[in-house]
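*Asks:* Sharing a structure, written as structure tokens. Questions coming.
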Amino acid sequence: MSADAAAAGRKGRSRWINLGSFAALLALWALITAPLVDGKPLVAPLFLPSPGSVWQTFLQLMNNGYQGKTLAHHVGISLFRFGLAFALTVLLAVPLGLWMGMNETVKAVLDPPIEISRPMPKLALLPLLIIWFGIGEVAKVVIIVLALFPILSISAMQAVRGVGRRKVQAAMALGASRGMIFRRVIFPASLPGIFTSIRVSIGIGVTMLVGAEMIATNAGIAYMAMSASDFLLTNVVIVGALIMAVLGYALDLLARALENKVVHWGGREG
């Protein structure tokens with residue numbers, strides 16, 4: 001059996017295992033919410049509705065929306081906030097991290113404030129952001145940017161510093177300029193680490209979106225779930241949480257596919 005056939009077989013088996021894992025979780029959910037004990041479920045519907053009930057709620061939201069706005073509108077608003085914040089962070093943090101990795105002076109100046117801000121709980125800054133930017137979309141975008149910026153910049157810096165010296169020395173020995181060394185050696189070698197940090201940041205960004213939609217708003221998936229919790233609409237809360245999970249997973253798959261397309265040499269370097 002060839003190496004490609006073996007790899008395809010492992011990939012196919014992994015997909016079946018993934019499907020089996022999802023099916024097992026769904027079966028467990030259905031089991032504990034089914035009326036099996038004296039006609040009552042193990043967990044009351046108020047705390048955990050059945051999968052069928054949640055599915056019916058999802059269909060109702062698709063048809064009727066929530067609080068006067070369609071479900072597509074809530075999803076679109078959340079995607080806009082996340083997409084704008086994520087794009088800004090990548091455009092700012094990755095070049096800065098690359099620069100820090102290549103220049104010790106820049107690293108000495110910028111690394112301390114970035115490292116100090118990294119463990120700071122960003123949700124604690126919400127009142128300050130409201131004072132500075134008001135209750136509009138700017139504060140919602142900024143809080144996501146603040147959460148992701150240290151991760152992406154530090155990861156990009158470490159990716160550059162992890163590039164093998166021999167590669168750089170070999171390029172210099174062949175007469176390559178500093179710009180060519182960056183374009184042909186340093187940047188391509190840093191891409192796997194940068195994409196890894198991007199995938200990690202997607203999950204954190206989706207989580208921070210919940211915090212962003214805590215600021216005065218009347219639209220968004222996280223807003224919908226939090227608003228429904230005030231009225232004990234558990235079905236709507238679970239639908240919102242599942243939509244957020246699916247969005248995060250879909251964005252991760254998109255980043256993974258882009259990584260496989262761009263960094264096609266990943267894991268094959270000697």
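Ordered as shown in the structure tokens, chains take letters A, B, and onward, while each chain numbers its residues from 1 and ligands are numbered from 1 in the order shown.
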What parts of stretch 47-257 of chain A does DSSP call helix (DSSP H, G or I)? I'd like the answer as a PyMOL selection string.

*Replies:* chain A and resi 51-64+71-102+104-117+122-133+137-161+165-173+178-212+221-230+234-257

*Asks:* Could you give me, as a JSON list (two decimals) with C-alpha atoms, in the first residue's frame, the residues within 7 Å of A:Ile135, counting only C-alpha atoms and dropping anything in the same chain fewer than 2 positions from it?

*Replies:*
[["chain", "number", "residue", "atom", "x", "y", "z"],
["A", 130, "ILE", "CA", -17.90, 51.91, 27.04],
["A", 133, "PHE", "CA", -16.05, 54.35, 22.68],
["A", 137, "GLU", "CA", -20.10, 48.68, 17.47],
["A", 139, "ALA", "CA", -16.43, 48.89, 21.70],
["A", 215, "ILE", "CA", -22.66, 45.66, 25.66],
["A", 216, "ALA", "CA", -26.00, 47.33, 24.92]]

*Asks:* Show me, as JSON lines, the residues of stretch 130-212 of chain A having an atom within 12 Å of stretch 62-78 of chain A, each with the closest atom pair and its distance in Å, using only C-alpha atoms.

*Replies:*
{"residue": "A:Glu137", "atom": "CA", "partner": "A:Ile77", "partner_atom": "CA", "distance": 10.2}
{"residue": "A:Lys140", "atom": "CA", "partner": "A:Ser78", "partner_atom": "CA", "distance": 10.2}
{"residue": "A:Val141", "atom": "CA", "partner": "A:Ser78", "partner_atom": "CA", "distance": 10.5}
{"residue": "A:Ile144", "atom": "CA", "partner": "A:Ser78", "partner_atom": "CA", "distance": 11.9}
{"residue": "A:Gly205", "atom": "CA", "partner": "A:Ser78", "partner_atom": "CA", "distance": 11.2}
{"residue": "A:Val206", "atom": "CA", "partner": "A:Ser78", "partner_atom": "CA", "distance": 9.2}
{"residue": "A:Thr207", "atom": "CA", "partner": "A:Ser78", "partner_atom": "CA", "distance": 11.6}
{"residue": "A:Met208", "atom": "CA", "partner": "A:Ser78", "partner_atom": "CA", "distance": 11.2}
{"residue": "A:Leu209", "atom": "CA", "partner": "A:Ser78", "partner_atom": "CA", "distance": 7.5}
{"residue": "A:Val210", "atom": "CA", "partner": "A:Ser78", "partner_atom": "CA", "distance": 9.2}
{"residue": "A:Gly211", "atom": "CA", "partner": "A:Ser78", "partner_atom": "CA", "distance": 11.7}
{"residue": "A:Ala212", "atom": "CA", "partner": "A:Ser78", "partner_atom": "CA", "distance": 9.6}

*Asks:* Just checking: using only C-alpha atoms, which residue out of A:Asn103, A:Ala85, A:Asn18, A:Thr33 ends up closest to A:Leu46?

*Replies:* A:Thr33

*Asks:* Would you please extract all strand (DSSP E or B) residues from stretch 13-132 of chain A, as assigned by DSSP on the backbone, and give them as a list in words?

*Replies:*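 Written out, the strand (DSSP E or B) residues of stretch 13-132 of chain A are Val37, Lys40, Tyr66 and Lys69 of chain A.
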
*Asks:* Take the residues just selected and output them with C-alpha atoms as an mmCIF file, in the first residue's frame.

*Replies:*
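Output contents, as saved in selection.cif:
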data_model
loop_
_atom_site.group_PDB
_atom_site.id
_atom_site.type_symbol
_atom_site.label_atom_id
_atom_site.label_comp_id
_atom_site.auth_asym_id
_atom_site.auth_seq_id
_atom_site.Cartn_x
_atom_site.Cartn_y
_atom_site.Cartn_z
ATOM 1 C CA VAL A 37 -38.346 6.900 34.477
ATOM 2 C CA LYS A 40 -40.320 11.643 33.296
ATOM 3 C CA TYR A 66 -36.447 36.389 17.573
ATOM 4 C CA LYS A 69 -35.428 40.134 13.773
#

*Asks:* Taking into account only C-alpha atoms, which residue in the set A:Pro192, A:Gly203, A:Gly240, A:Pro49 is nearest to A:Asp252?

*Replies:* A:Gly203

*Asks:* Quick one: distance from atom CA of A:Gly97 to atom CA of A:Ile154 in Å, one decimal?

*Replies:*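 Taking atom CA of A:Gly97 and atom CA of A:Ile154, their separation equals 5.9 Å.
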
*Asks:* At a cut-off of 8 Å, using only C-alpha atoms, what residues contact A:Pro150? Leave out same-chain residues fewer than 6 positions from it and give the result as an NGL selection string.

*Replies:* :A and (93 or 114-115 or 117-118)
